[in-house]
Amino acid sequence: MHKKFDHQAIEKKWQEEWKQAGLNDVGVRDNDKEKEYVLVEWPYPSGNLHIGHWYAFAVPDIYVRYQRMQGKQVLYPMGFDAFGLPAENAAIKHNKNPREWTEQNIEYMKTQLASMGNAFSWDKTCSSTDPEYFKWTQWMFTKFFEEKIAYRGKGVVNWCSSCNTVIANEQVQSDNTCERCDTEIEKKMMPQWMLKITDFADDLIDDLDSLDWPSHIKDAQRNWIGRSEGALISFKLKSDADSSIEVFTTRPDTLFGATYIVLAPEHEMVTKNKSEIKNWDEVEQYIKTAAKTAEQDRLDNTKEKTGVKLEGITAINPANNEEIPVYIADYVLAGYGTGAIMAVPAHDERDFEFAKKFNLPINFVVTEVSEKVDAAGALLINKEGEVLLQKRTKDAPVDPGLITTFGGNIEEGESVVEGLARELREELELDIATNGSTARLLYSVMPKTHAGKKIAVFLITDVDDSALVLHEGESIVKLGSLKDLENLKIQDMSEVIERLVSDGIQTISSNAGTLINSGEFSGLDSEEAKTAITEKVGGKITNTYRLRDWSIGRQRYWGVPIPIVYDPEGKAHPVPQEHLPWTLPEDVDFTPTGEPPLTKSVELKKRTEDIFGEGWTPEVETMDTFVDSSWYYLRYIDNQNDEEFSSMEAQKKWLPVDLYFGGAEHTTMHLLYSRFWQKALHRLGLAEHNEPYKRRINRSLILGPDGNKMSKSKGNVIDPDEQVKLVGADTVKMYLAFMGPYGEVANYPWDMGGIAGLRRFLERVNGLSEHVVDNEDETEEMTHQIHKALKKVTEDVLQFKFNTAISALMVYINEAEKNGLSVQSYDLFLRALAPFAPHLVEDLWADAGRTDSIHQAGWPAYDLDLAADKEVTIGVQINGKMRGQITLAPDATEAEAVAAVQKNEGLLAKIADAEVKKVIYVPARILNLLVNEK
RNA sequence: GCCCGGGUGGUGGAAUCGGUAGACACGAGGGACUUAAAAUCCCUUGCCUUUUAAACGGCGUGCGGGUUCAAUUCCCGCCCCGGGCACCA
């Protein structure tokens with residue numbers, strides 16, 4: 001009889017034992033082994049471990065323990081990201097110093113973390129609030145300051161009135177609210193400490209190629225950085241030959257079509273030219289209104305365009321020297337590009353909208369022509385812009401405005417154009433016959449896409465003398481009269497355009513194509529024209545980015561003080577290294593007032609004057625906590641070093657991080673910031689590597705049992721401490737690992753029944769010793785089974801498919817309980833389970849008389865021959881239908897397979913006397929017999 | 001609108017260089033043990049037709065087509081869900 005599975009006793013015993021033995025410390029013990037740096041995001045010490053922490057730390061621990069057993073020296077550090085608002089808010093509430101609250105929480109959380117029984121390298125820990133840590137955060141900041149990577153900028157910032165601080169763009173949610181407290185964000189103009197992340201934008205995009213990250217994370221970062229390739233072009237002002245407006249455009253090829261200029265309302269040119277502007281009152285009024293309009297409303301692109309013309313100011317289009325008007329409009333953003341655009345209404349939808357409203361000229365300068373046609377629908381619009389027929393079916397009578405399906409049925413031998421032409425003619429004939437059609441004048445303007453495909457567009461001037469334009473995908477233009485649709489000929493697009501324009505019809509398209517109406521550049525295609533035209537007008541090919549510089553100043557207390565002091569003239573100076581850490585003063589009232597709490601510190605002011613002299617003042621802002629976490633992986637590896645933040649030697653040994661597990665929410669924040677930080681250090685010669693993380697795995701979310709995100713208000717929170725007490729750490733860990741593959745973009749609901757299943761499994765493991773037989777008494781099949789399981793587990797763990805790895809162990813135990821397993825196999829099985837259920841397995845290992853730790857016993861190697869199946873059952877198909885199965889050696893020949901069928905009565909009966917024409921046999925997969933049907 | 005993912009039993013999920021769909025687990029149903037319950041063990045469990053039962057057969061991986069001896073897997077079109085970006089010139 002085996003002993004009871006007393007998880008509480010086992011966990012306590014072995015956690016203590018491992019700690020005593022320093023089993024999980026990295027130390028120097030394994031210095032000669034291959035290194036592997038496995039990183040998980042350090043937690044904020046909120047004082048309570050939640051199930052997400054378990055998922056984040058305990059599941060990767062399987063991989064860590066596996067690699068250690070494989071003989072690697074694995075660094076798996078844990079620390080605390082402990083600055084930030086919750087501590088400060090708690091401090092306000094309890095009238096304590098946030099440090100006290102934080103340190104208490106860290107101590108408590110350490111005990112919770114210990115309950116996981118993870119193989120954390122506690123000898124390599126660090127915490128962001130430790131002065132020995134933030135001393136280096138400050139030191140790096142001063143280096144960045146010296147190199148102008150950190151600078152005092154002035155700009156529009158996101159202000160959260162509830163947190164009483166500035167927050168970064170990345171921390172503003174899509175509905176313009178604060179990430180922390182959901183308060184609506186206001187825009188404020190303030191001096192700001194900034195980090196020049198935009199300087200690294202190209203590298204941040206280009207170096208993604210070298211990283212072994214899931215492509216969706218790379219895509220998200222590229223998207224976030226938002227590089228646009230284009231040109232800067234100067235437009236001279238007519239009123240004042242010396243001044244000009246610079247615009248950014250991605251389409252310099254359309255310069256000849258630029259019929260006006262639009263500036264953002266905040267553009268400096270506006271106030272600078274106040275005296276020139278005749279309608280200043282109106283302009284000023286518009287600027288005021290625009291400033292008041294919430295960012296959100298401005299971003300609502302369904303809203304009708306607004307703007308005001310700057311009377312008295314005109315610009316010269318450098319391509320054709322034409323005089324064009326200048327507007328201000330809020331659809332142009334001050335913070336992107338130059339805050340000014342050249343408007344090309346013929347080839348940009350937004351400009352088109354604006355031009356329509358203000359009755360501005362539209363010049364077509366690009367056509368799309370190609371030989372390829374493949375249409376999916378049709379649209380007919382009359383002169384008034386009313387939709388008469390759109391994608392309608394053949395049988396339905398014409399119902400103006402009705403949207404149904406049309407087209408697509410191309411008959412054999414017809415080209416797509418011919419087919420559509422025929423169908424359209426039939427439609428119209430039917431229409432005229434049945435309804436005495438109203439569809440006399442039909443025009444089409446169809447720059448839209450439908451389901452990702454450009455759809456066909458028809459243009460018909462009237463029934464007797466019609467023109468037809470087909471237009472699809474990248475390009476195509478065909479023109480003909482309705483009478484001879486069969487004899488369509490490709491004609492010059494300019495003819496179509498002229499006709500469209502003379503008829504007052506605009507067809508706008510933002511696609512590339514061939515230039516028309518562009519002087520010497522007509523006939524070039526867009527790509528060639530971009531550089532040629534830019535060159536001609538003295539413009540500059542350049543990139544622009546969506547990414548803004550990182551504003552890191554926070555007007556709160558509990559953060560790293562920005563190590564800057566100002567001389568009596570107000571010039572900023574970095575605090576020299578000898579005075580670091582530049583600590584937080586204690587004499588502060590941190591009740592939020594909107595003023596940084598450090599402003600009122602007498603101690604800080606006195607310290608500054610004592611060191612630097614009278615009249616010197618300290619910087620009173622603290623740093624964004626994302627700064628702290630931008631370099632923690634560098635500190636872990638050399639956490640005792642008081643000479644450097646991290647020695648080159650340590651960096652060479654440990655970096656880059658081999659594997660970084662973390663949450664999807666950090667994709668465009670922490671992950672981007674720390675890549676930037678590493679690159680900045682690298683540029684300064686302080687870091688060995690250019691990228692911090694070689695491989696990244698984003699994990700999914702654990703949902704409540706009801707399938708919703710866990711939250712106190714929903715009452716669906718699973719408390720890990722409670723679960724651990726109930727079923728044990730090993731069970732909780734294995735259950736989390738068993739839910740589904742790790743690192744997928746899928747969220748798993750917690751299932752009470754599911755966790756009970758894992759507990760049952762471990763109970764069976766606990767009793768497995770009763771099924772152990774002498775080595776020579778194990779069946780061949782069972783020897784095969786253990787090696788097969790080992791192979792599967794080994795392969796799956798490397799791919800983070802812990803769920804199927806566990807499944808393989810379950811399959812094995814099902815067999816072992818039935819058929820018995822040898823002493824040898826029991827040993828192998830325990831070792832394979834060790835990373836998953838470290839406590840129980842260690843205990844069973846000791847029970848089996850072993851005095852070493854199973855975690856140092858080495859990963860069980862499998863024998864490929866033993867793991868291979870001796871025979872396989874394959875499906876037999878007759879004419880492609882599954883009709884039975886046969887069992888063969890995996891490498892059986894076709895003749896052997898057919899012979900097996902001959903011996904199978906059921907299958908023979910199905911073939912009967914039909915003639916077998918062909919045999920398709922894929923060894924170990926399928927046998928398909930093609931026979932003549934009788 | 002653009003860019004990524006993803007749709008498989010009652011549930012979580014297996015299986016994709018095309019080759020017996022539903023491993024493993026949960027849940028459910030039935031049985032054993034028990035005075036009883038819990039726990040444990042055994043059996044059944046994609047759907048449909050038929051049947052005491054089974055066999056046989058048919059259908060089945062979001063929908064509609066296609067390629068193939070063979071499609072969850074490849075191709076075309078569509079629908080739905082999740083994530084990122086978005087008046088970014």
# chains A, B, ... in the order shown; residues from 1 in each chain; ligands from 1
>>> residues_around(residues="A:Ser210", least_positions_apart="2", cutoff="12 Å", atoms="only C-alpha atoms (C1' of nucleotides)", output="VMD selection string")
chain A and resid 203 to 208 212 to 215 218 690 to 695
>>> write_last_selection(atoms="C-alpha atoms", output="tab-separated table (two decimals), in the first residue's frame")
chain	number	residue	atom	x	y	z
A	203	ASP	CA	16.70	50.14	-36.29
A	204	LEU	CA	13.71	49.20	-34.18
A	205	ILE	CA	11.91	48.19	-37.36
A	206	ASP	CA	14.78	46.72	-39.34
A	207	ASP	CA	16.31	44.67	-36.53
A	208	LEU	CA	13.01	42.87	-35.99
A	212	ASP	CA	12.92	34.84	-33.43
A	213	TRP	CA	9.62	36.37	-32.38
A	214	PRO	CA	6.09	35.47	-33.48
A	215	SER	CA	5.34	37.50	-36.58
A	218	LYS	CA	6.74	42.04	-35.01
A	690	ASN	CA	22.06	45.41	-30.00
A	691	GLU	CA	18.91	43.49	-29.13
A	692	PRO	CA	17.94	42.23	-25.66
A	693	TYR	CA	15.61	39.32	-26.40
A	694	LYS	CA	16.34	36.61	-28.92
A	695	ARG	CA	13.04	34.82	-28.61
>>> atom_distance(atom1="atom CA of A:Ile702", atom2="atom CA of A:Leu809")
23.7 Å
>>> interface_residues(of="chain B", to="chain A", cutoff="12 Å", atoms="only C-alpha atoms (C1' of nucleotides)", output="CSV table (one decimal) with N, CA, C and O atoms (P, O5', C5', C4', C3', O3' and C1' of nucleotides), in the first residue's frame")
chain,number,residue,atom,x,y,z
B,1,G,P,-14.8,48.1,-44.3
B,1,G,O5',-13.3,48.4,-44.8
B,1,G,C5',-13.1,49.1,-46.0
B,1,G,C4',-11.8,49.9,-45.9
B,1,G,C3',-10.6,49.0,-45.6
B,1,G,O3',-10.1,48.5,-46.7
B,1,G,C1',-10.7,50.9,-44.1
B,2,C,P,-9.5,47.0,-46.7
B,2,C,O5',-8.1,47.2,-46.1
B,2,C,C5',-7.1,47.9,-46.7
B,2,C,C4',-5.9,48.1,-45.8
B,2,C,C3',-5.4,46.9,-45.2
B,2,C,O3',-4.5,46.2,-46.1
B,2,C,C1',-5.6,48.5,-43.5
B,3,C,P,-4.5,44.6,-46.0
B,3,C,O5',-3.6,44.3,-44.8
B,3,C,C5',-2.3,44.9,-44.7
B,3,C,C4',-1.7,44.6,-43.3
B,3,C,C3',-1.9,43.1,-42.9
B,3,C,O3',-1.0,42.2,-43.5
B,3,C,C1',-2.5,44.6,-41.1
B,4,C,P,-1.3,40.7,-43.5
B,4,C,O5',-0.7,40.3,-42.1
B,4,C,C5',-1.2,39.2,-41.4
B,4,C,C4',-0.9,39.3,-39.9
B,4,C,C3',-1.5,38.1,-39.2
B,4,C,O3',-0.5,37.0,-39.3
B,4,C,C1',-2.3,40.0,-38.2
B,5,G,P,-1.0,35.7,-40.1
B,5,G,O5',-1.5,34.8,-38.9
B,5,G,C5',-2.8,34.9,-38.5
B,5,G,C4',-2.8,34.7,-37.0
B,5,G,C3',-3.8,33.6,-36.7
B,5,G,O3',-3.2,32.3,-36.5
B,5,G,C1',-4.6,35.6,-35.8
B,6,G,P,-3.7,31.1,-37.4
B,6,G,O5',-5.2,30.9,-36.8
B,6,G,C5',-5.4,30.6,-35.4
B,6,G,C4',-6.8,30.8,-35.0
B,6,G,C3',-7.8,29.9,-35.7
B,6,G,O3',-7.8,28.6,-35.2
B,6,G,C1',-8.7,32.1,-35.4
B,11,U,P,-19.5,22.6,-27.3
B,11,U,O5',-18.7,22.6,-25.9
B,11,U,C5',-18.9,23.7,-25.0
B,11,U,C4',-17.8,23.6,-23.9
B,11,U,C3',-16.4,23.6,-24.4
B,11,U,O3',-15.9,24.9,-24.7
B,11,U,C1',-16.6,21.8,-22.9
B,12,G,P,-14.8,25.1,-25.8
B,12,G,O5',-13.4,24.7,-25.0
B,12,G,C5',-13.0,25.4,-23.8
B,12,G,C4',-11.8,24.8,-23.3
B,12,G,C3',-10.7,24.7,-24.4
B,12,G,O3',-10.0,25.9,-24.7
B,12,G,C1',-10.8,22.7,-23.0
B,13,G,P,-9.3,26.0,-26.1
B,13,G,O5',-8.1,25.0,-25.9
B,13,G,C5',-7.6,24.3,-27.1
B,13,G,C4',-7.2,22.9,-26.7
B,13,G,C3',-6.6,22.1,-27.8
B,13,G,O3',-5.2,22.3,-27.8
B,13,G,C1',-8.3,20.9,-26.8
B,14,A,P,-4.3,22.0,-29.0
B,14,A,O5',-4.3,20.4,-28.9
B,14,A,C5',-4.4,19.7,-30.1
B,14,A,C4',-4.1,18.3,-29.8
B,14,A,C3',-3.6,17.6,-31.0
B,14,A,O3',-2.2,17.6,-31.0
B,14,A,C1',-5.6,16.6,-30.3
B,15,A,P,-1.5,18.3,-32.1
B,15,A,O5',-1.9,17.5,-33.4
B,15,A,C5',-1.5,16.1,-33.5
B,15,A,C4',-2.3,15.4,-34.5
B,15,A,C3',-2.1,16.0,-35.9
B,15,A,O3',-1.0,15.5,-36.5
B,15,A,C1',-4.4,15.5,-35.5
B,18,G,P,1.2,18.7,-47.8
B,18,G,O5',0.3,17.9,-46.6
B,18,G,C5',-0.8,18.5,-46.1
B,18,G,C4',-1.9,17.4,-45.9
B,18,G,C3',-1.2,16.0,-45.9
B,18,G,O3',-1.4,15.2,-44.7
B,18,G,C1',-2.8,16.2,-47.7
B,19,G,P,-2.4,14.7,-43.8
B,19,G,O5',-2.9,13.3,-44.2
B,19,G,C5',-4.3,13.0,-44.2
B,19,G,C4',-4.5,11.5,-44.4
B,19,G,C3',-3.6,10.7,-43.5
B,19,G,O3',-4.3,9.5,-43.1
B,19,G,C1',-3.3,10.1,-45.8
B,20,U,P,-5.1,9.5,-41.6
B,20,U,O5',-6.0,8.2,-41.8
B,20,U,C5',-7.0,8.1,-42.8
B,20,U,C4',-8.2,7.5,-42.2
B,20,U,C3',-8.8,8.3,-41.0
B,20,U,O3',-10.2,8.1,-41.0
B,20,U,C1',-8.2,6.1,-40.3
B,23,A,P,-10.7,11.0,-29.0
B,23,A,O5',-9.3,10.5,-28.4
B,23,A,C5',-8.5,9.6,-29.1
B,23,A,C4',-7.1,9.9,-28.9
B,23,A,C3',-6.7,10.1,-27.4
B,23,A,O3',-6.5,8.9,-26.7
B,23,A,C1',-5.7,11.8,-28.7
B,24,C,P,-7.3,8.6,-25.4
B,24,C,O5',-6.8,9.8,-24.4
B,24,C,C5',-5.4,9.8,-23.9
B,24,C,C4',-5.2,11.1,-23.2
B,24,C,C3',-6.3,11.5,-22.2
B,24,C,O3',-6.1,10.9,-21.0
B,24,C,C1',-5.8,13.4,-23.6
B,25,A,P,-7.3,10.5,-20.1
B,25,A,O5',-7.9,11.9,-19.7
B,25,A,C5',-7.2,12.7,-18.8
B,25,A,C4',-7.9,14.1,-18.7
B,25,A,C3',-9.3,14.2,-18.3
B,25,A,O3',-9.5,14.0,-16.9
B,25,A,C1',-8.9,15.6,-20.1
B,26,C,P,-10.9,13.5,-16.4
B,26,C,O5',-11.9,14.7,-16.6
B,26,C,C5',-11.6,15.9,-15.9
B,26,C,C4',-12.6,17.0,-16.4
B,26,C,C3',-14.0,16.7,-16.2
B,26,C,O3',-14.5,17.0,-14.9
B,26,C,C1',-13.6,17.6,-18.4
B,27,G,P,-15.6,16.0,-14.3
B,27,G,O5',-16.9,16.4,-15.2
B,27,G,C5',-17.5,17.6,-15.2
B,27,G,C4',-18.5,17.8,-16.2
B,27,G,C3',-19.6,16.7,-16.2
B,27,G,O3',-20.6,17.0,-15.3
B,27,G,C1',-18.8,16.9,-18.4
B,39,A,P,-17.1,12.2,-5.5
B,39,A,O5',-15.8,11.3,-5.1
B,39,A,C5',-14.7,11.9,-4.5
B,39,A,C4',-13.7,10.8,-4.0
B,39,A,C3',-13.2,9.8,-5.1
B,39,A,O3',-12.2,10.3,-5.8
B,39,A,C1',-14.0,8.7,-3.1
B,40,U,P,-12.1,9.9,-7.4
B,40,U,O5',-11.8,8.4,-7.4
B,40,U,C5',-10.6,7.8,-6.8
B,40,U,C4',-10.7,6.3,-6.7
B,40,U,C3',-11.0,5.6,-8.0
B,40,U,O3',-9.8,5.5,-8.8
B,40,U,C1',-12.4,4.8,-6.4
B,55,A,P,-21.7,-1.4,-34.1
B,55,A,O5',-21.9,-2.3,-35.4
B,55,A,C5',-21.1,-3.5,-35.5
B,55,A,C4',-21.6,-4.3,-36.7
B,55,A,C3',-21.5,-3.5,-38.0
B,55,A,O3',-20.3,-3.6,-38.6
B,55,A,C1',-23.6,-4.5,-37.7
B,56,C,P,-19.7,-2.3,-39.4
B,56,C,O5',-20.7,-2.2,-40.6
B,56,C,C5',-20.8,-3.2,-41.6
B,56,C,C4',-21.9,-2.9,-42.5
B,56,C,C3',-21.9,-1.5,-43.1
B,56,C,O3',-21.0,-1.3,-44.2
B,56,C,C1',-24.1,-2.0,-42.3
B,57,G,P,-20.2,0.0,-44.4
B,57,G,O5',-21.4,1.0,-44.7
B,57,G,C5',-22.2,0.8,-45.9
B,57,G,C4',-23.4,1.8,-45.9
B,57,G,C3',-23.1,3.2,-45.8
B,57,G,O3',-22.7,3.8,-47.0
B,57,G,C1',-24.8,2.7,-44.3
B,68,U,P,-8.0,17.3,-60.7
B,68,U,O5',-7.4,16.5,-59.5
B,68,U,C5',-6.0,16.4,-59.2
B,68,U,C4',-5.8,15.6,-57.9
B,68,U,C3',-6.5,14.3,-57.8
B,68,U,O3',-5.8,13.3,-58.5
B,68,U,C1',-6.8,15.5,-55.8
B,69,C,P,-6.7,12.1,-59.3
B,69,C,O5',-7.3,11.2,-58.1
B,69,C,C5',-8.3,10.2,-58.4
B,69,C,C4',-8.5,9.4,-57.2
B,69,C,C3',-8.7,10.2,-55.9
B,69,C,O3',-10.1,10.5,-55.8
B,69,C,C1',-7.1,8.5,-55.5
B,70,A,P,-10.5,11.9,-55.2
B,70,A,O5',-9.9,11.9,-53.8
B,70,A,C5',-10.6,11.0,-52.8
B,70,A,C4',-9.8,11.1,-51.5
B,70,A,C3',-9.6,12.4,-50.9
B,70,A,O3',-10.8,12.9,-50.2
B,70,A,C1',-7.6,11.2,-50.8
B,71,A,P,-11.1,14.4,-50.2
B,71,A,O5',-10.0,15.1,-49.3
B,71,A,C5',-9.7,14.7,-48.0
B,71,A,C4',-9.5,15.9,-47.1
B,71,A,C3',-10.7,16.9,-47.1
B,71,A,O3',-10.7,17.5,-45.8
B,71,A,C1',-8.9,18.0,-48.1
B,76,C,P,-5.9,31.8,-53.0
B,76,C,O5',-7.4,31.8,-53.8
B,76,C,C5',-7.5,32.2,-55.1
B,76,C,C4',-8.9,32.2,-55.6
B,76,C,C3',-9.9,33.0,-54.7
B,76,C,O3',-9.8,34.3,-55.0
B,76,C,C1',-10.8,30.8,-55.1
B,77,G,P,-10.1,35.4,-53.7
B,77,G,O5',-11.7,35.2,-53.5
B,77,G,C5',-12.6,35.7,-54.5
B,77,G,C4',-14.0,35.3,-54.1
B,77,G,C3',-14.5,35.7,-52.8
B,77,G,O3',-14.9,37.1,-52.8
B,77,G,C1',-15.1,33.4,-53.1
B,78,C,P,-14.7,37.9,-51.4
B,78,C,O5',-15.9,37.2,-50.5
B,78,C,C5',-17.2,37.5,-50.8
B,78,C,C4',-18.1,36.6,-49.9
B,78,C,C3',-18.1,36.9,-48.4
B,78,C,O3',-18.8,38.0,-48.1
B,78,C,C1',-18.0,34.6,-48.7
B,79,C,P,-18.5,38.8,-46.7
B,79,C,O5',-19.0,37.9,-45.6
B,79,C,C5',-20.4,37.6,-45.5
B,79,C,C4',-20.7,36.7,-44.3
B,79,C,C3',-20.1,37.1,-43.0
B,79,C,O3',-20.9,38.0,-42.3
B,79,C,C1',-19.6,34.8,-43.3
B,81,C,P,-19.0,39.2,-35.6
B,81,C,O5',-17.9,38.4,-34.7
B,81,C,C5',-18.3,37.6,-33.6
B,81,C,C4',-17.1,36.9,-33.1
B,81,C,C3',-15.9,37.8,-32.6
B,81,C,O3',-16.1,38.4,-31.4
B,81,C,C1',-15.0,36.0,-33.9
B,82,G,P,-15.5,39.8,-31.1
B,82,G,O5',-13.9,39.5,-30.9
B,82,G,C5',-13.5,38.7,-29.7
B,82,G,C4',-12.0,38.4,-29.8
B,82,G,C3',-11.1,39.6,-30.0
B,82,G,O3',-10.9,40.2,-28.7
B,82,G,C1',-10.5,38.0,-31.5
B,83,G,P,-10.6,41.8,-28.7
B,83,G,O5',-9.1,41.9,-29.3
B,83,G,C5',-8.0,41.5,-28.5
B,83,G,C4',-6.7,41.5,-29.4
B,83,G,C3',-6.4,42.9,-29.9
B,83,G,O3',-5.8,43.7,-28.9
B,83,G,C1',-6.1,41.3,-31.6
B,84,G,P,-5.9,45.3,-29.0
B,84,G,O5',-4.9,45.7,-30.2
B,84,G,C5',-3.5,45.5,-30.0
B,84,G,C4',-2.8,45.8,-31.3
B,84,G,C3',-3.0,47.2,-31.8
B,84,G,O3',-2.3,48.2,-31.2
B,84,G,C1',-3.2,45.7,-33.6
B,85,C,P,-2.9,49.7,-31.0
B,85,C,O5',-2.9,50.2,-32.5
B,85,C,C5',-1.7,50.5,-33.1
B,85,C,C4',-1.9,50.9,-34.6
B,85,C,C3',-2.9,52.1,-34.8
B,85,C,O3',-2.3,53.3,-34.5
B,85,C,C1',-3.4,50.4,-36.3
B,86,A,P,-3.3,54.4,-33.9
B,86,A,O5',-4.1,54.8,-35.2
B,86,A,C5',-3.5,55.4,-36.3
B,86,A,C4',-4.5,55.5,-37.4
B,86,A,C3',-5.7,56.3,-37.2
B,86,A,O3',-5.5,57.7,-37.3
B,86,A,C1',-6.3,54.3,-38.3
B,87,C,P,-6.6,58.7,-36.8
B,87,C,O5',-6.9,59.4,-38.2
B,87,C,C5',-8.1,59.1,-38.9
B,87,C,C4',-7.8,59.6,-40.4
B,87,C,C3',-6.5,60.3,-40.6
B,87,C,O3',-6.1,60.1,-41.9
B,87,C,C1',-8.3,61.7,-41.1
B,88,C,P,-5.2,58.8,-42.3
B,88,C,O5',-3.7,59.2,-41.8
B,88,C,C5',-2.9,60.1,-42.6
B,88,C,C4',-1.5,59.7,-42.3
B,88,C,C3',-1.2,58.2,-42.3
B,88,C,O3',-0.3,57.7,-43.1
B,88,C,C1',-0.6,59.3,-40.2
B,89,A,P,0.6,57.8,-44.0
B,89,A,O5',0.1,58.8,-45.1
B,89,A,C5',1.0,59.7,-45.7
B,89,A,C4',0.2,60.7,-46.5
B,89,A,C3',1.0,61.9,-47.0
B,89,A,O3',1.6,61.6,-48.2
B,89,A,C1',-0.9,62.7,-45.8
>>> residues_around(residues="A:Glu643", least_positions_apart="5", cutoff="12 Å", atoms="only C-alpha atoms (C1' of nucleotides)", output="list in words")
Glu132, Tyr133, Lys135, Trp136, Trp139, Gln577, Glu578, Asp638 and Met648 of chain A
>>> atom_distance(atom1="atom CA of A:Lys4", atom2="atom CA of A:Lys733")
20.0 Å
>>> select_by_dssp(residues="stretch 81-291 of chain A", states="alpha helix (DSSP H)", output="ChimeraX atom specification")
/A:85-94,98-114,131-146,201-206,215-225,268-272,280-291
>>> select_by_dssp(residues="stretch 767-839 of chain A", states="strand (DSSP E)", output="list in words")
Val772, Val773, Leu821 and Ser822 of chain A
>>> write_last_selection(atoms="N, CA, C and O atoms", output="PDB file, in the first residue's frame")
ATOM      1  N   VAL A 772       4.785  -1.643 -10.208  1.00  0.00           N
ATOM      2  CA  VAL A 772       6.147  -1.893 -10.672  1.00  0.00           C
ATOM      3  C   VAL A 772       6.487  -3.386 -10.576  1.00  0.00           C
ATOM      4  O   VAL A 772       6.183  -4.029  -9.575  1.00  0.00           O
ATOM      5  N   VAL A 773       7.066  -3.899 -11.645  1.00  0.00           N
ATOM      6  CA  VAL A 773       7.486  -5.300 -11.690  1.00  0.00           C
ATOM      7  C   VAL A 773       8.990  -5.361 -11.915  1.00  0.00           C
ATOM      8  O   VAL A 773       9.628  -4.344 -12.198  1.00  0.00           O
ATOM      9  N   LEU A 821       4.846  -1.956 -15.016  1.00  0.00           N
ATOM     10  CA  LEU A 821       6.032  -1.314 -15.575  1.00  0.00           C
ATOM     11  C   LEU A 821       7.246  -1.737 -14.767  1.00  0.00           C
ATOM     12  O   LEU A 821       7.116  -2.106 -13.596  1.00  0.00           O
ATOM     13  N   SER A 822       8.398  -1.710 -15.382  1.00  0.00           N
ATOM     14  CA  SER A 822       9.612  -2.172 -14.707  1.00  0.00           C
ATOM     15  C   SER A 822      10.164  -1.086 -13.784  1.00  0.00           C
ATOM     16  O   SER A 822       9.794   0.083 -13.888  1.00  0.00           O
TER      17      SER A 822
END
>>> atom_distance(atom1="atom CA of A:Gly615", atom2="atom CA of A:Val565")
10.5 Å
>>> residues_around(residues="A:Gly22", least_positions_apart="4", cutoff="10 Å", atoms="only C-alpha atoms (C1' of nucleotides)", output="list in words")
Glu16, Glu17, Trp18, Val26, Gly27, Ser121, Trp122 and Asp123 of chain A
>>> write_last_selection(atoms="N, CA, C and O atoms", output="CSV table (one decimal), in the first residue's frame")
chain,number,residue,atom,x,y,z
A,16,GLU,N,11.9,23.5,1.4
A,16,GLU,CA,12.9,23.8,2.4
A,16,GLU,C,14.2,23.1,2.0
A,16,GLU,O,15.3,23.7,2.0
A,17,GLU,N,14.1,21.9,1.7
A,17,GLU,CA,15.3,21.1,1.3
A,17,GLU,C,16.1,21.7,0.1
A,17,GLU,O,17.3,21.8,0.1
A,18,TRP,N,15.3,22.1,-0.9
A,18,TRP,CA,15.9,22.7,-2.1
A,18,TRP,C,16.6,24.0,-1.7
A,18,TRP,O,17.7,24.3,-2.2
A,26,VAL,N,21.9,29.8,-9.3
A,26,VAL,CA,22.8,29.6,-10.5
A,26,VAL,C,24.2,29.5,-10.0
A,26,VAL,O,25.0,28.6,-10.4
A,27,GLY,N,24.7,30.4,-9.2
A,27,GLY,CA,26.0,30.3,-8.6
A,27,GLY,C,27.1,30.1,-9.7
A,27,GLY,O,27.0,30.7,-10.7
A,121,SER,N,16.1,31.5,-9.8
A,121,SER,CA,17.5,31.7,-9.4
A,121,SER,C,17.5,32.9,-8.5
A,121,SER,O,17.9,34.0,-8.8
A,122,TRP,N,17.1,32.6,-7.2
A,122,TRP,CA,17.0,33.8,-6.3
A,122,TRP,C,18.4,34.4,-6.0
A,122,TRP,O,18.4,35.5,-5.4
A,123,ASP,N,19.5,33.8,-6.3
A,123,ASP,CA,20.7,34.5,-6.0
A,123,ASP,C,21.0,35.6,-7.0
A,123,ASP,O,21.9,36.3,-6.9
>>> closest_residue(among="B:G60, B:C48, B:A54, B:C33", to="B:U8", atoms="only C-alpha atoms (C1' of nucleotides)")
B:G60
>>> residues_around(residues="A:Glu528", least_positions_apart="4", cutoff="12 Å", atoms="only C-alpha atoms (C1' of nucleotides)", output="PyMOL selection string")
chain A and resi 251-254+512-515+521-524+532-535
